[in-house]
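Data from structure.cif: mmCIF, C-alpha atoms, pLDDT in the B column; chains and numbers go by the auth columns
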data_final
loop_
_atom_site.group_PDB
_atom_site.id
_atom_site.type_symbol
_atom_site.label_atom_id
_atom_site.label_comp_id
_atom_site.label_asym_id
_atom_site.label_seq_id
_atom_site.Cartn_x
_atom_site.Cartn_y
_atom_site.Cartn_z
_atom_site.B_iso_or_equiv
_atom_site.auth_seq_id
_atom_site.auth_asym_id
ATOM 1 C CA MET A 1 0.000 0.000 0.000 30.00 1 A
ATOM 2 C CA ASN A 2 1.272 3.413 -0.914 28.00 2 A
ATOM 3 C CA ARG A 3 1.219 5.865 1.970 32.00 3 A
ATOM 4 C CA ALA A 4 1.885 9.560 1.530 31.00 4 A
ATOM 5 C CA ILE A 5 4.548 10.584 4.006 40.00 5 A
ATOM 6 C CA LYS A 6 4.459 14.073 5.416 37.00 6 A
ATOM 7 C CA PRO A 7 7.826 15.176 6.793 51.00 7 A
ATOM 8 C CA ALA A 8 7.793 16.934 10.134 72.00 8 A
ATOM 9 C CA PRO A 9 8.580 20.654 9.897 82.00 9 A
ATOM 10 C CA ILE A 10 10.314 22.535 12.690 86.00 10 A
ATOM 11 C CA ARG A 11 7.619 24.436 14.585 88.00 11 A
ATOM 12 C CA LYS A 12 7.828 27.030 17.347 90.00 12 A
ATOM 13 C CA SER A 13 5.068 29.075 18.970 92.00 13 A
ATOM 14 C CA PHE A 14 5.236 31.767 21.596 92.00 14 A
ATOM 15 C CA THR A 15 3.457 34.877 22.807 94.00 15 A
ATOM 16 C CA LEU A 16 4.827 38.407 22.667 93.00 16 A
ATOM 17 C CA ARG A 17 3.787 41.414 24.715 93.00 17 A
ATOM 18 C CA ALA A 18 3.439 43.573 21.610 94.00 18 A
ATOM 19 C CA THR A 19 0.987 44.192 18.757 94.00 19 A
ATOM 20 C CA PRO A 20 1.309 42.225 15.498 96.00 20 A
ATOM 21 C CA GLU A 21 2.327 45.508 13.826 96.00 21 A
ATOM 22 C CA LYS A 22 5.214 45.910 16.259 95.00 22 A
ATOM 23 C CA ALA A 23 6.198 42.240 16.067 95.00 23 A
ATOM 24 C CA PHE A 24 6.196 42.238 12.258 96.00 24 A
ATOM 25 C CA ALA A 25 8.187 45.466 12.117 95.00 25 A
ATOM 26 C CA VAL A 26 10.865 44.193 14.492 95.00 26 A
ATOM 27 C CA PHE A 27 11.107 40.903 12.631 95.00 27 A
ATOM 28 C CA THR A 28 11.590 42.570 9.243 96.00 28 A
ATOM 29 C CA ASP A 29 12.738 46.237 9.495 95.00 29 A
ATOM 30 C CA ASP A 30 14.954 45.469 12.494 94.00 30 A
ATOM 31 C CA PHE A 31 16.033 42.036 11.308 94.00 31 A
ATOM 32 C CA GLY A 32 19.690 43.046 11.442 93.00 32 A
ATOM 33 C CA ARG A 33 19.306 44.171 15.062 93.00 33 A
ATOM 34 C CA TRP A 34 18.369 40.815 16.502 92.00 34 A
ATOM 35 C CA TRP A 35 19.711 38.186 14.086 91.00 35 A
ATOM 36 C CA PRO A 36 22.584 36.441 15.936 85.00 36 A
ATOM 37 C CA ARG A 37 25.886 37.659 14.504 82.00 37 A
ATOM 38 C CA THR A 38 27.262 34.160 14.969 76.00 38 A
ATOM 39 C CA HIS A 39 24.924 32.673 12.345 72.00 39 A
ATOM 40 C CA TYR A 40 26.126 33.272 8.815 73.00 40 A
ATOM 41 C CA ILE A 41 27.569 31.619 5.759 73.00 41 A
ATOM 42 C CA GLY A 42 30.936 32.340 4.160 72.00 42 A
ATOM 43 C CA GLY A 43 34.239 33.253 5.721 71.00 43 A
ATOM 44 C CA SER A 44 33.796 36.942 6.477 80.00 44 A
ATOM 45 C CA PRO A 45 32.134 38.021 9.757 85.00 45 A
ATOM 46 C CA LEU A 46 28.561 39.243 9.653 87.00 46 A
ATOM 47 C CA THR A 47 27.999 42.961 10.146 91.00 47 A
ATOM 48 C CA GLY A 48 24.274 43.107 9.403 93.00 48 A
ATOM 49 C CA ALA A 49 21.311 41.250 7.935 94.00 49 A
ATOM 50 C CA VAL A 50 18.439 42.442 5.760 96.00 50 A
ATOM 51 C CA ILE A 51 14.969 41.345 4.673 97.00 51 A
ATOM 52 C CA GLU A 52 13.847 43.513 1.745 98.00 52 A
ATOM 53 C CA PRO A 53 10.197 44.518 2.385 97.00 53 A
ATOM 54 C CA ARG A 54 8.375 43.094 -0.634 97.00 54 A
ATOM 55 C CA VAL A 55 7.541 39.854 -2.426 97.00 55 A
ATOM 56 C CA GLY A 56 10.658 38.872 -4.331 97.00 56 A
ATOM 57 C CA GLY A 57 12.818 40.949 -2.002 97.00 57 A
ATOM 58 C CA ARG A 58 16.147 39.496 -0.988 97.00 58 A
ATOM 59 C CA TRP A 59 17.062 38.053 2.392 95.00 59 A
ATOM 60 C CA TYR A 60 20.784 38.301 2.959 95.00 60 A
ATOM 61 C CA GLY A 61 23.728 38.833 5.259 93.00 61 A
ATOM 62 C CA GLN A 62 26.075 41.821 5.090 94.00 62 A
ATOM 63 C CA HIS A 63 29.711 41.038 5.716 91.00 63 A
ATOM 64 C CA GLU A 64 32.906 42.714 6.804 91.00 64 A
ATOM 65 C CA ASP A 65 34.459 42.147 3.370 92.00 65 A
ATOM 66 C CA GLY A 66 31.648 44.233 1.839 93.00 66 A
ATOM 67 C CA VAL A 67 29.991 41.249 0.167 91.00 67 A
ATOM 68 C CA GLU A 68 26.273 40.566 0.541 93.00 68 A
ATOM 69 C CA ARG A 69 25.645 36.835 0.805 91.00 69 A
ATOM 70 C CA PRO A 70 22.105 35.758 -0.127 93.00 70 A
ATOM 71 C CA TRP A 71 20.074 33.317 1.973 93.00 71 A
ATOM 72 C CA GLY A 72 16.887 33.400 -0.092 96.00 72 A
ATOM 73 C CA ASP A 73 13.986 35.691 -0.865 97.00 73 A
ATOM 74 C CA VAL A 74 10.569 36.865 0.286 98.00 74 A
ATOM 75 C CA LEU A 75 7.752 34.599 -0.932 98.00 75 A
ATOM 76 C CA VAL A 76 4.828 36.131 0.975 98.00 76 A
ATOM 77 C CA TRP A 77 4.743 39.667 2.383 98.00 77 A
ATOM 78 C CA GLU A 78 1.503 40.333 4.279 98.00 78 A
ATOM 79 C CA PRO A 79 2.176 42.812 7.098 97.00 79 A
ATOM 80 C CA PRO A 80 1.409 42.527 9.925 97.00 80 A
ATOM 81 C CA HIS A 81 0.161 38.936 9.891 97.00 81 A
ATOM 82 C CA ARG A 82 2.242 36.698 7.679 98.00 82 A
ATOM 83 C CA LEU A 83 5.711 36.402 6.232 98.00 83 A
ATOM 84 C CA VAL A 84 7.112 33.516 4.194 98.00 84 A
ATOM 85 C CA LEU A 85 10.805 33.412 3.364 97.00 85 A
ATOM 86 C CA ALA A 86 12.598 31.021 1.046 97.00 86 A
ATOM 87 C CA TRP A 87 15.565 29.509 2.902 93.00 87 A
ATOM 88 C CA ARG A 88 17.949 28.491 0.141 92.00 88 A
ATOM 89 C CA ILE A 89 20.926 27.626 2.279 86.00 89 A
ATOM 90 C CA SER A 90 21.790 24.087 1.433 77.00 90 A
ATOM 91 C CA HIS A 91 22.775 21.153 3.484 67.00 91 A
ATOM 92 C CA GLN A 92 26.325 22.156 2.544 64.00 92 A
ATOM 93 C CA TRP A 93 25.847 25.613 4.088 69.00 93 A
ATOM 94 C CA GLY A 94 26.064 27.415 0.805 78.00 94 A
ATOM 95 C CA TYR A 95 23.497 29.380 -1.162 88.00 95 A
ATOM 96 C CA ASP A 96 21.697 27.188 -3.676 88.00 96 A
ATOM 97 C CA PRO A 97 19.104 29.036 -5.804 90.00 97 A
ATOM 98 C CA ASN A 98 17.529 25.720 -6.770 88.00 98 A
ATOM 99 C CA LEU A 99 16.859 24.665 -3.195 88.00 99 A
ATOM 100 C CA LEU A 100 13.537 25.685 -1.689 91.00 100 A
ATOM 101 C CA THR A 101 12.745 25.263 1.969 91.00 101 A
ATOM 102 C CA GLU A 102 10.201 27.637 3.484 94.00 102 A
ATOM 103 C CA VAL A 103 10.245 29.635 6.690 95.00 103 A
ATOM 104 C CA GLU A 104 6.799 30.953 7.619 96.00 104 A
ATOM 105 C CA ILE A 105 6.080 33.320 10.483 96.00 105 A
ATOM 106 C CA ARG A 106 2.497 34.188 11.432 97.00 106 A
ATOM 107 C CA PHE A 107 1.540 36.941 13.855 96.00 107 A
ATOM 108 C CA THR A 108 -1.927 36.634 15.408 97.00 108 A
ATOM 109 C CA ARG A 109 -3.478 39.384 17.507 97.00 109 A
ATOM 110 C CA LEU A 110 -4.523 38.256 20.981 96.00 110 A
ATOM 111 C CA ALA A 111 -6.365 40.238 23.624 88.00 111 A
ATOM 112 C CA ALA A 112 -4.614 42.960 25.644 83.00 112 A
ATOM 113 C CA GLY A 113 -1.953 43.939 23.115 88.00 113 A
ATOM 114 C CA GLU A 114 -0.398 40.502 22.847 94.00 114 A
ATOM 115 C CA THR A 115 0.599 38.594 19.756 95.00 115 A
ATOM 116 C CA ARG A 116 0.954 34.900 19.167 96.00 116 A
ATOM 117 C CA VAL A 117 3.878 34.001 16.936 94.00 117 A
ATOM 118 C CA ASP A 118 3.757 30.747 15.000 94.00 118 A
ATOM 119 C CA PHE A 119 6.978 29.775 13.295 94.00 119 A
ATOM 120 C CA GLU A 120 7.491 26.938 10.835 93.00 120 A
ATOM 121 C CA HIS A 121 10.476 25.778 8.787 90.00 121 A
ATOM 122 C CA ARG A 122 9.235 23.215 6.285 89.00 122 A
ATOM 123 C CA GLY A 123 10.344 21.291 3.244 85.00 123 A
ATOM 124 C CA LEU A 124 13.312 19.927 5.155 80.00 124 A
ATOM 125 C CA GLU A 125 13.297 16.723 3.126 73.00 125 A
ATOM 126 C CA ARG A 126 14.556 18.789 0.190 78.00 126 A
ATOM 127 C CA PHE A 127 17.895 19.243 1.918 76.00 127 A
ATOM 128 C CA GLY A 128 18.555 15.648 1.015 65.00 128 A
ATOM 129 C CA ASP A 129 17.990 16.270 -2.694 53.00 129 A
ATOM 130 C CA SER A 130 21.290 18.038 -3.190 45.00 130 A
ATOM 131 C CA GLU A 131 24.779 16.638 -2.991 43.00 131 A
ATOM 132 C CA ALA A 132 26.413 13.812 -1.091 40.00 132 A
ATOM 133 C CA ALA A 133 26.044 13.625 2.663 40.00 133 A
ATOM 134 C CA GLU A 134 29.798 13.147 3.042 38.00 134 A
ATOM 135 C CA HIS A 135 30.558 16.724 2.051 45.00 135 A
ATOM 136 C CA THR A 136 27.769 17.988 4.264 44.00 136 A
ATOM 137 C CA ARG A 137 29.091 16.221 7.304 40.00 137 A
ATOM 138 C CA LYS A 138 32.513 17.705 6.808 43.00 138 A
ATOM 139 C CA SER A 139 31.291 21.262 6.519 45.00 139 A
ATOM 140 C CA MET A 140 28.948 20.860 9.452 44.00 140 A
ATOM 141 C CA ASP A 141 31.606 19.426 11.703 43.00 141 A
ATOM 142 C CA GLY A 142 34.261 21.912 10.669 43.00 142 A
ATOM 143 C CA GLY A 143 32.218 25.052 10.232 44.00 143 A
ATOM 144 C CA TRP A 144 28.877 25.281 11.882 41.00 144 A
ATOM 145 C CA GLY A 145 29.725 23.036 14.780 44.00 145 A
ATOM 146 C CA ALA A 146 32.346 25.549 15.859 46.00 146 A
ATOM 147 C CA ILE A 147 30.070 28.518 15.176 44.00 147 A
ATOM 148 C CA LEU A 148 27.333 26.982 17.270 44.00 148 A
ATOM 149 C CA GLU A 149 29.748 26.474 20.140 49.00 149 A
ATOM 150 C CA ASN A 150 30.730 30.157 19.959 48.00 150 A
ATOM 151 C CA TYR A 151 27.103 31.071 19.977 43.00 151 A
ATOM 152 C CA ARG A 152 26.364 28.937 23.015 46.00 152 A
ATOM 153 C CA ALA A 153 29.281 30.526 24.832 50.00 153 A
ATOM 154 C CA ALA A 154 28.053 34.023 23.964 50.00 154 A
ATOM 155 C CA VAL A 155 24.558 33.256 25.220 47.00 155 A
ATOM 156 C CA ALA A 156 25.859 31.731 28.419 47.00 156 A
ATOM 157 C CA ALA A 157 28.142 34.730 29.116 47.00 157 A
ATOM 158 C CA MET B 1 15.623 5.009 3.646 40.00 1 B
ATOM 159 C CA THR B 2 14.671 8.343 2.100 49.00 2 B
ATOM 160 C CA ASN B 3 14.956 11.653 3.873 55.00 3 B
ATOM 161 C CA ALA B 4 11.194 12.064 3.738 56.00 4 B
ATOM 162 C CA GLN B 5 10.860 8.864 5.741 60.00 5 B
ATOM 163 C CA ALA B 6 13.485 10.065 8.171 65.00 6 B
ATOM 164 C CA PHE B 7 11.558 13.221 8.871 64.00 7 B
ATOM 165 C CA ALA B 8 8.254 11.369 8.970 68.00 8 B
ATOM 166 C CA ALA B 9 9.699 9.348 11.829 74.00 9 B
ATOM 167 C CA LEU B 10 9.901 12.606 13.760 73.00 10 B
ATOM 168 C CA ALA B 11 6.276 13.545 13.147 72.00 11 B
ATOM 169 C CA ASP B 12 5.252 11.589 16.260 78.00 12 B
ATOM 170 C CA PRO B 13 5.588 13.866 19.320 79.00 13 B
ATOM 171 C CA THR B 14 6.827 11.144 21.695 85.00 14 B
ATOM 172 C CA ARG B 15 9.360 9.940 19.188 86.00 15 B
ATOM 173 C CA ARG B 16 10.505 13.529 18.732 82.00 16 B
ATOM 174 C CA ALA B 17 10.843 13.890 22.505 85.00 17 B
ATOM 175 C CA VAL B 18 13.043 10.780 22.566 89.00 18 B
ATOM 176 C CA PHE B 19 15.090 12.149 19.674 84.00 19 B
ATOM 177 C CA GLU B 20 15.475 15.580 21.285 81.00 20 B
ATOM 178 C CA ARG B 21 16.788 13.972 24.469 85.00 21 B
ATOM 179 C CA LEU B 22 19.465 12.346 22.364 85.00 22 B
ATOM 180 C CA ALA B 23 20.468 15.798 21.113 76.00 23 B
ATOM 181 C CA GLY B 24 21.962 16.275 24.590 75.00 24 B
ATOM 182 C CA GLY B 25 24.265 13.280 24.176 82.00 25 B
ATOM 183 C CA PRO B 26 24.243 9.461 24.026 89.00 26 B
ATOM 184 C CA ARG B 27 21.805 7.764 26.427 91.00 27 B
ATOM 185 C CA ALA B 28 20.645 4.274 27.334 92.00 28 B
ATOM 186 C CA VAL B 29 16.961 3.309 27.101 92.00 29 B
ATOM 187 C CA GLY B 30 16.415 3.541 30.859 90.00 30 B
ATOM 188 C CA ALA B 31 17.727 7.105 31.025 90.00 31 B
ATOM 189 C CA LEU B 32 15.653 8.089 27.995 91.00 32 B
ATOM 190 C CA ALA B 33 12.471 6.654 29.466 91.00 33 B
ATOM 191 C CA LYS B 34 12.901 8.582 32.722 89.00 34 B
ATOM 192 C CA GLY B 35 10.570 11.579 32.748 82.00 35 B
ATOM 193 C CA LEU B 36 8.684 10.510 29.643 88.00 36 B
ATOM 194 C CA PRO B 37 5.037 9.519 30.055 88.00 37 B
ATOM 195 C CA VAL B 38 5.562 6.224 28.238 90.00 38 B
ATOM 196 C CA SER B 39 6.853 2.813 29.229 91.00 39 B
ATOM 197 C CA ARG B 40 10.380 1.611 28.624 91.00 40 B
ATOM 198 C CA PRO B 41 9.259 -0.940 25.981 92.00 41 B
ATOM 199 C CA ALA B 42 7.446 1.909 24.201 93.00 42 B
ATOM 200 C CA VAL B 43 10.662 3.956 24.213 93.00 43 B
ATOM 201 C CA SER B 44 12.507 0.943 22.785 93.00 44 B
ATOM 202 C CA GLN B 45 9.921 0.740 20.032 92.00 45 B
ATOM 203 C CA HIS B 46 10.363 4.432 19.209 91.00 46 B
ATOM 204 C CA LEU B 47 14.136 3.984 19.153 92.00 47 B
ATOM 205 C CA LYS B 48 13.753 1.080 16.746 91.00 48 B
ATOM 206 C CA ILE B 49 11.799 3.306 14.340 87.00 49 B
ATOM 207 C CA LEU B 50 14.299 6.163 14.705 87.00 50 B
ATOM 208 C CA LYS B 51 17.099 3.701 13.984 86.00 51 B
ATOM 209 C CA GLU B 52 15.349 2.341 10.897 82.00 52 B
ATOM 210 C CA ALA B 53 14.882 5.930 9.722 77.00 53 B
ATOM 211 C CA GLY B 54 18.634 6.487 9.946 75.00 54 B
ATOM 212 C CA LEU B 55 18.273 9.136 12.646 81.00 55 B
ATOM 213 C CA VAL B 56 19.944 7.303 15.518 86.00 56 B
ATOM 214 C CA THR B 57 22.550 4.603 15.930 88.00 57 B
ATOM 215 C CA ASP B 58 23.149 2.255 18.847 91.00 58 B
ATOM 216 C CA ARG B 59 26.064 0.367 20.323 91.00 59 B
ATOM 217 C CA PRO B 60 26.348 -2.190 23.099 90.00 60 B
ATOM 218 C CA ASP B 61 27.703 -1.038 26.457 89.00 61 B
ATOM 219 C CA GLY B 62 27.982 -4.033 28.764 89.00 62 B
ATOM 220 C CA THR B 63 24.489 -5.470 29.075 88.00 63 B
ATOM 221 C CA ARG B 64 22.662 -2.391 27.810 89.00 64 B
ATOM 222 C CA ARG B 65 22.521 -0.490 24.527 90.00 65 B
ATOM 223 C CA VAL B 66 23.441 3.166 24.228 93.00 66 B
ATOM 224 C CA TYR B 67 21.722 5.313 21.604 93.00 67 B
ATOM 225 C CA GLN B 68 22.937 8.477 19.924 88.00 68 B
ATOM 226 C CA ILE B 69 21.986 10.740 17.030 82.00 69 B
ATOM 227 C CA ASP B 70 23.435 9.351 13.825 76.00 70 B
ATOM 228 C CA PRO B 71 26.099 11.887 12.825 66.00 71 B
ATOM 229 C CA LYS B 72 25.822 10.684 9.237 63.00 72 B
ATOM 230 C CA GLY B 73 22.058 11.181 9.069 64.00 73 B
ATOM 231 C CA LEU B 74 19.791 14.129 8.411 65.00 74 B
ATOM 232 C CA GLY B 75 18.848 13.915 12.061 68.00 75 B
ATOM 233 C CA GLU B 76 21.884 15.944 12.980 68.00 76 B
ATOM 234 C CA LEU B 77 20.845 18.688 10.574 74.00 77 B
ATOM 235 C CA ARG B 78 17.328 18.790 11.924 76.00 78 B
ATOM 236 C CA ALA B 79 18.557 18.888 15.508 75.00 79 B
ATOM 237 C CA TRP B 80 20.907 21.700 14.571 76.00 80 B
ATOM 238 C CA LEU B 81 18.192 23.705 12.821 83.00 81 B
ATOM 239 C CA ASP B 82 15.856 23.183 15.746 84.00 82 B
ATOM 240 C CA ARG B 83 18.392 24.621 18.215 82.00 83 B
ATOM 241 C CA PHE B 84 19.352 27.320 15.747 85.00 84 B
ATOM 242 C CA TRP B 85 15.792 28.605 15.415 91.00 85 B
ATOM 243 C CA ASP B 86 15.291 28.476 19.180 90.00 86 B
ATOM 244 C CA ALA B 87 18.282 30.767 19.564 88.00 87 B
ATOM 245 C CA ALA B 88 17.296 33.108 16.732 92.00 88 B
ATOM 246 C CA LEU B 89 13.680 33.407 17.906 94.00 89 B
ATOM 247 C CA ASP B 90 14.789 34.029 21.487 93.00 90 B
ATOM 248 C CA ALA B 91 16.873 36.918 20.176 94.00 91 B
ATOM 249 C CA PHE B 92 13.873 38.224 18.221 96.00 92 B
ATOM 250 C CA LYS B 93 11.652 38.001 21.283 95.00 93 B
ATOM 251 C CA ALA B 94 14.206 39.833 23.406 95.00 94 B
ATOM 252 C CA GLU B 95 14.454 42.639 20.843 95.00 95 B
ATOM 253 C CA VAL B 96 10.655 43.097 20.703 96.00 96 B
ATOM 254 C CA GLU B 97 10.472 43.198 24.495 94.00 97 B
ATOM 255 C CA ARG B 98 13.385 45.618 24.709 94.00 98 B
ATOM 256 C CA GLN B 99 11.721 48.012 22.259 95.00 99 B
ATOM 257 C CA VAL B 100 8.295 47.765 23.883 93.00 100 B
ATOM 258 C CA SER B 101 9.725 48.415 27.357 91.00 101 B
ATOM 259 C CA LYS B 102 11.629 51.403 26.029 90.00 102 B
ATOM 260 C CA GLU B 103 8.494 52.854 24.409 88.00 103 B
ATOM 261 C CA GLU B 104 6.579 52.413 27.644 85.00 104 B
ATOM 262 C CA GLU B 105 9.247 54.341 29.569 85.00 105 B
ATOM 263 C CA THR B 106 9.025 57.267 27.190 74.00 106 B
ATOM 264 C CA PRO B 107 6.101 59.510 28.214 66.00 107 B
#

Once more with this new file: its structure as structure tokens, please.
Amino acid sequence: MNRAIKPAPIRKSFTLRATPEKAFAVFTDDFGRWWPRTHYIGGSPLTGAVIEPRVGGRWYGQHEDGVERPWGDVLVWEPPHRLVLAWRISHQWGYDPNLLTEVEIRFTRLAAGETRVDFEHRGLERFGDSEAAEHTRKSMDGGWGAILENYRAAVAA
Amino acid sequence: MTNAQAFAALADPTRRAVFERLAGGPRAVGALAKGLPVSRPAVSQHLKILKEAGLVTDRPDGTRRVYQIDPKGLGELRAWLDRFWDAALDAFKAEVERQVSKEEETP
């Protein structure tokens, strides 16, 4: 029997003491303010990060060497309730325009000026479509493993 | 085993809880079952499915078996992304709260 298999996305939900307008604005306009500086691709340190405010807009990191390194683009731009970003950073931690995984953030107005945030990163099975796992493992162990450790240390400090 | 099957194995919340515990390091079945609202045989069953999906591996340690996330599998990537988004969203939340508090202070 043929069963359709639905992969499990990464999901996060939490409540913010702010309006959806405020939450959406901080997520997008102020993206570079809160995005962890320890999370980037390429060899040059991250100095900023940008989400361009329109469908088709770019989502990218700004780096010390002056290069902008793309992560993907805006698929849905519906302020202040919904944002869908294409995450095109491959399993090998490089930009791959042919890879499509989706990051969706929904902002729902609750009573008393609060907002519920529902986050989802889906299409994870597509990571496996690209190149060999061997290469992936190497770059993860050598690159992001170390970056994550730095990040943990920074948070703990 | 395809990646889709690997991720489907994580669609079950209990199985995901077992998997997430392994993100903290290798554990034996008994340690994994502690604090979970399911029996030890049920945990073993979940581990069997996770193993078949290529997400975890096991090795004998004396009379027991120790399980860990398969470093060669997509499980490691998912676990990484899961922690990564926790950290990023915490930073987002902190920034919203910082700005809101600041606005409230300003008359």

Skipping near chain neighbours, those fewer than 5 positions away, what residues fall within 7 Å of Arg27 of chain B using only C-alpha atoms, listed as a PyMOL selection string?
chain B and resi 22+32+66-68

Name every residue that the PyMOL selection byres ((chain A and resi 50) around 9) selects in this structure, writing the answer as a PDB file with C-alpha atoms, in the frame of the given file with chains first and numbers rising.
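Full text of selection03.pdb as output:
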ATOM      1  CA  THR A  28      11.590  42.570   9.243  1.00 96.00           C
ATOM      2  CA  ASP A  29      12.738  46.237   9.495  1.00 95.00           C
ATOM      3  CA  ASP A  30      14.954  45.469  12.494  1.00 94.00           C
ATOM      4  CA  PHE A  31      16.033  42.036  11.308  1.00 94.00           C
ATOM      5  CA  GLY A  32      19.690  43.046  11.442  1.00 93.00           C
ATOM      6  CA  GLY A  48      24.274  43.107   9.403  1.00 93.00           C
ATOM      7  CA  ALA A  49      21.311  41.250   7.935  1.00 94.00           C
ATOM      8  CA  ILE A  51      14.969  41.345   4.673  1.00 97.00           C
ATOM      9  CA  GLU A  52      13.847  43.513   1.745  1.00 98.00           C
ATOM     10  CA  ARG A  58      16.147  39.496  -0.988  1.00 97.00           C
ATOM     11  CA  TRP A  59      17.062  38.053   2.392  1.00 95.00           C
ATOM     12  CA  TYR A  60      20.784  38.301   2.959  1.00 95.00           C
ATOM     13  CA  GLY A  61      23.728  38.833   5.259  1.00 93.00           C
ATOM     14  CA  GLN A  62      26.075  41.821   5.090  1.00 94.00           C
TER      15      GLN A  62
END

Result set of the PyMOL selection byres ((chain A and resi 107) around 8) on the coordinates above, as a ChimeraX atom specification
/A:20,23-24,80-82,105-106,108-109,115-118

Can you translate the PyMOL selection byres ((chain B and resi 16) around 12) into the concrete residues it hits in this file, as number ranges by chain?
A: 8-10; B: 6-15, 17-23, 32, 36, 43, 46-47, 49-50, 55-56, 69, 75, 78-79, 82

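Proximity to chain A was assessed for B:Asp61, B:Glu95, B:Glu52, B:Asp90 counting only C-alpha atoms; the smallest distance is recorded for B:Glu95.
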
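With only C-alpha atoms as the atoms that count, the minimum distance from chain B to the choices A:Ser13, A:Glu21, A:Val55, A:Trp35 is reached by A:Trp35.
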